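Enquirer: I am attaching a structure below and will ask some questions about it afterwards.
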Amino acid sequence: MQFYPSVVVIDDSRLKRQFLVETLKSEFAVHDFASSREALPLLASLRPQCILLDMDRPGEDGLEDIRNIKADPYTAEVPVIFITSFSDHAFERRALASGASDFVGNKFSQEVILARVKHHVELYSYRTLLEEKVREKTQTVFELQDAIMMALSELVECRDSNTAGHAQRTRDYVARLISQLLSNGSYANMLTEAYVRDMVRAAPLHDIGKVGVRDAVLNKPGKLTEEEFDEMKRHTVFGAMAINKAMKAVHDSSFLSVLRDISLSHHERWDGKGYPLGLNGDRIPLSGRIMAIADVYDALVSRRPYKDPLTHEKAVEVICEGVGTHFDPLVGKAFLDCAEDFREISQRHRS
């Protein structure tokens, strides 16, 4: 079955519509309408690859129609060829400035209009194909990066035998917290799609700096001495230093910037009593504030050589008591709003 690209014709003249349909039907599936009021609501479903728009329709504003077509995400990239009897160059400039791709006068030949439409349909198809290829390549890169992130986090956990599964659980906690923050309307201006993507991908590597901590300290089967704890706290700095070096080798370091912030700041406290820099309030990167709750919750409900796991209920109580001192109040509220989901995530990754 042969596929014909879709073309929409909007013109109040029945004779002109018939002429355009006859001109184009050998190459395209042509949908014709007498007014934009009829056509515009159907454009998304028709998925046209070119729109021919008469600008001289009584009672309708052709320039506004072009702007509406370009404002709709389903048709924003579709080329619009406007047809006009005006010989006013200023009007033509306004139409092109509104988003039209080309124009023809009312006295056009079949060969000219067919050639114009074919040209713009081919350009649109080629651009769409390129965009799809870019999306596919980008997705492949993200998937590869995710796999590398998880592999590196597994290597970190191999060195720290006390935190098996911690990376995957904290990644899911972070994703759930972000979802709740957005639902609550908190930090919506900061939680852009790109920032959220980078934060969730970076979360499993928040403890990457632990590779710089001695095994004797990392896997000590008991409470650390003050000196040993000072060494353990340096994992935040070790991670940030390594990531800073990596950032110098890439052009787009947005992801690494988020990873560095998480690595460095996830042990900071809202009241300024955390480490390594003693940052307080919103001086702490948002990614670090979100990671802090995910990290603490998982530590509370997990078994360690020096402690038994707390129940989910007790862990929630501890975090609730820390809201406003240890934790960002808005992130703390988001946690309390979705705490039951944390229980489910914790159980799922321990089964």
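Chain labels follow the order of the structure tokens: the first chain is A, the next B, and so on; residue numbering restarts at 1 in every chain, and ligands are counted from 1 in their shown order.
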I'd like to know which residues of range 179-302 of chain A are helix (DSSP H, G or I) (by DSSP, run on the backbone); could you write them as a PyMOL selection string?
Expert: chain A and resi 179-184+193-205+208-212+215-218+226-233+235-247+254-265+281-283+286-301
Enquirer: Do a neighbour search on range 294-310 of chain A at 10 Å with only C-alpha atoms, toss out local chain neighbours closer than 4 positions, and write the hits as number ranges by chain.
Expert: A: 161-167, 169-177, 203, 206-207, 219-224, 266-267, 288-290, 314-316, 318-319, 335, 339, 342-343, 346, 350
Enquirer: Could you pull out the strand (DSSP E or B) residues of range 5-77 of chain A from DSSP and send them as a ChimeraX atom specification?
Expert: /A:6-10,29-33,50-54
Enquirer: Pull N, CA and C atoms from the residues just selected and write them as an mmCIF file, in the first residue's frame.
Expert:
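Below is the file that was written, part08.cif:
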data_model
loop_
_atom_site.group_PDB
_atom_site.id
_atom_site.type_symbol
_atom_site.label_atom_id
_atom_site.label_comp_id
_atom_site.auth_asym_id
_atom_site.auth_seq_id
_atom_site.Cartn_x
_atom_site.Cartn_y
_atom_site.Cartn_z
ATOM 1 N N SER A 6 0.696 13.815 3.916
ATOM 2 C CA SER A 6 -0.535 14.582 4.116
ATOM 3 C C SER A 6 -0.288 16.075 3.912
ATOM 4 N N VAL A 7 -1.189 16.697 3.143
ATOM 5 C CA VAL A 7 -1.147 18.144 2.914
ATOM 6 C C VAL A 7 -2.532 18.703 3.214
ATOM 7 N N VAL A 8 -2.574 19.837 3.897
ATOM 8 C CA VAL A 8 -3.844 20.493 4.228
ATOM 9 C C VAL A 8 -3.956 21.799 3.430
ATOM 10 N N VAL A 9 -5.115 21.999 2.844
ATOM 11 C CA VAL A 9 -5.421 23.226 2.119
ATOM 12 C C VAL A 9 -6.537 23.956 2.863
ATOM 13 N N ILE A 10 -6.321 25.236 3.172
ATOM 14 C CA ILE A 10 -7.341 26.055 3.834
ATOM 15 C C ILE A 10 -7.614 27.255 2.940
ATOM 16 N N ALA A 29 -1.837 13.085 0.001
ATOM 17 C CA ALA A 29 -3.194 12.942 0.533
ATOM 18 C C ALA A 29 -3.651 14.334 0.948
ATOM 19 N N VAL A 30 -4.578 14.899 0.220
ATOM 20 C CA VAL A 30 -4.945 16.304 0.399
ATOM 21 C C VAL A 30 -6.241 16.408 1.201
ATOM 22 N N HIS A 31 -6.228 17.228 2.231
ATOM 23 C CA HIS A 31 -7.407 17.491 3.066
ATOM 24 C C HIS A 31 -7.728 18.976 2.919
ATOM 25 N N ASP A 32 -8.918 19.286 2.403
ATOM 26 C CA ASP A 32 -9.222 20.696 2.150
ATOM 27 C C ASP A 32 -10.321 21.190 3.066
ATOM 28 N N PHE A 33 -10.196 22.457 3.461
ATOM 29 C CA PHE A 33 -11.146 23.089 4.387
ATOM 30 C C PHE A 33 -11.431 24.494 3.907
ATOM 31 N N CYS A 50 2.654 19.649 5.204
ATOM 32 C CA CYS A 50 2.663 20.992 4.630
ATOM 33 C C CYS A 50 1.243 21.532 4.719
ATOM 34 N N ILE A 51 1.124 22.849 4.920
ATOM 35 C CA ILE A 51 -0.185 23.500 4.995
ATOM 36 C C ILE A 51 -0.195 24.645 3.988
ATOM 37 N N LEU A 52 -1.202 24.654 3.117
ATOM 38 C CA LEU A 52 -1.420 25.766 2.187
ATOM 39 C C LEU A 52 -2.541 26.621 2.771
ATOM 40 N N LEU A 53 -2.261 27.874 3.026
ATOM 41 C CA LEU A 53 -3.181 28.737 3.753
ATOM 42 C C LEU A 53 -3.472 29.997 2.967
ATOM 43 N N ASP A 54 -4.736 30.159 2.568
ATOM 44 C CA ASP A 54 -5.168 31.386 1.899
ATOM 45 C C ASP A 54 -5.256 32.503 2.934
#
Enquirer: Pick out the residues sitting within 10 Å of Leu259 in chain A, and hand them over as a list in words; count only C-alpha atoms, and ignore anything fewer than 2 positions along from it in its own chain.
Expert: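 Using only C-alpha atoms, the neighbours found are Asp198, Met199, Val200, Arg201, Ala202, Ala203, Pro204, Leu205, His206, Ile208, Gly239, Ala240, Ile243, Asn244, Ser253, Ser254, Phe255, Leu256, Ser257, Asp261, Ile262, Ser263, Leu264, Ser287 and Gly288 of chain A.
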Enquirer: Can you tell me, as a ChimeraX atom specification, what residues are no more than 9 Å from Leu43 in chain A when counting only C-alpha atoms, ignoring any on the same chain fewer than 5 positions away?
Expert: /A:8,48,69,74-75
Enquirer: Wanna dump the range 129-214 of chain A-range 322-329 of chain A contacts at 12 Å for me, each residue with its shortest atom pair and the distance in Å to one decimal, counting only C-alpha atoms, ordered by chain and number, as JSON lines?
Expert:
{"residue": "A:Leu181", "atom": "CA", "partner": "A:Pro329", "partner_atom": "CA", "distance": 11.3}
{"residue": "A:Ser186", "atom": "CA", "partner": "A:Pro329", "partner_atom": "CA", "distance": 10.5}
{"residue": "A:Tyr187", "atom": "CA", "partner": "A:Asp328", "partner_atom": "CA", "distance": 11.6}
Enquirer: With a distance cut-off of 10 Å and only C-alpha atoms, select the neighbouring residues of range 131-142 of chain A, excluding the residue or stretch itself and same-chain residues fewer than 4 positions from it, and output the selection as an MDAnalysis selection string.
Expert: chainID A and resid 125:127 146:148 197:198 201
Enquirer: Just N, CA and C atoms for this one: save the residues we selected as a short mmCIF file (atom, residue, chain, number, x, y, z; two decimals), in the first residue's frame.
Expert:
data_model
loop_
_atom_site.label_atom_id
_atom_site.label_comp_id
_atom_site.auth_asym_id
_atom_site.auth_seq_id
_atom_site.Cartn_x
_atom_site.Cartn_y
_atom_site.Cartn_z
N SER A 125 10.31 16.30 5.92
CA SER A 125 10.53 14.88 6.16
C SER A 125 11.99 14.62 6.53
N TYR A 126 12.89 15.29 5.85
CA TYR A 126 14.31 15.10 6.12
C TYR A 126 14.66 15.60 7.52
N ARG A 127 14.13 16.78 7.86
CA ARG A 127 14.39 17.33 9.19
C ARG A 127 13.81 16.43 10.28
N ASP A 146 23.81 5.49 31.93
CA ASP A 146 23.14 4.89 33.09
C ASP A 146 23.80 3.57 33.46
N ALA A 147 24.12 2.76 32.44
CA ALA A 147 24.76 1.47 32.70
C ALA A 147 26.13 1.66 33.34
N ILE A 148 26.88 2.66 32.85
CA ILE A 148 28.19 2.94 33.43
C ILE A 148 28.05 3.43 34.86
N ARG A 197 16.67 14.62 35.32
CA ARG A 197 17.31 13.47 34.68
C ARG A 197 18.73 13.28 35.19
N ASP A 198 19.49 14.37 35.26
CA ASP A 198 20.87 14.27 35.72
C ASP A 198 20.95 13.85 37.18
N ARG A 201 20.19 10.10 37.58
CA ARG A 201 21.30 9.30 37.04
C ARG A 201 22.52 9.38 37.93
#
Enquirer: Report, in Å with one decimal, the straight-line distance from CA of Arg214 in chain A to CA of Met241 in chain A.
Expert: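 Going from CA of Arg214 in chain A over to CA of Met241 in chain A covers 17.1 Å.
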Enquirer: Work out how far CA of Gln49 in chain A is from CA of Val121 in chain A, in Å to one decimal.
Expert: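 CA of Val121 in chain A sits 5.6 Å away from CA of Gln49 in chain A.
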Enquirer: Considering only C-alpha atoms, return as a PyMOL selection string whatever protein or nucleic-acid residues lie within 8 Å of range 86-100 of chain A, sequence-local ones (same chain, fewer than 3 positions apart) excluded.
Expert: chain A and resi 63+66-67+70+79-82+103+105
Enquirer: Let me see the file: selected residues, C-alpha atoms, as a PDB file, in the first residue's frame.
Expert:
ATOM      1  CA  LEU A  63      -1.516  35.968  10.374  1.00  0.00           C
ATOM      2  CA  ILE A  66      -0.062  31.037  11.261  1.00  0.00           C
ATOM      3  CA  ARG A  67       0.793  32.011  14.825  1.00  0.00           C
ATOM      4  CA  LYS A  70       3.252  27.531  15.167  1.00  0.00           C
ATOM      5  CA  PRO A  79       5.836  24.305   6.835  1.00  0.00           C
ATOM      6  CA  VAL A  80       3.085  26.810   5.990  1.00  0.00           C
ATOM      7  CA  ILE A  81       2.844  28.212   2.451  1.00  0.00           C
ATOM      8  CA  PHE A  82       0.520  31.180   2.392  1.00  0.00           C
ATOM      9  CA  PHE A 103       4.269  32.199  -0.178  1.00  0.00           C
ATOM     10  CA  GLY A 105       0.443  34.723  -5.347  1.00  0.00           C
TER      11      GLY A 105
END
Enquirer: From the options A:Ala246, A:Leu286, A:Leu129, A:Ala216, which residue's atoms come nearest to Leu191 in chain A, counting only C-alpha atoms?
Expert: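 Using only C-alpha atoms, the shortest distance to Leu191 in chain A belongs to A:Leu286.
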Enquirer: CA of Asp61 in chain A to CA of Leu40 in chain A: how many Å, to one decimal?
Expert: 12.8 Å
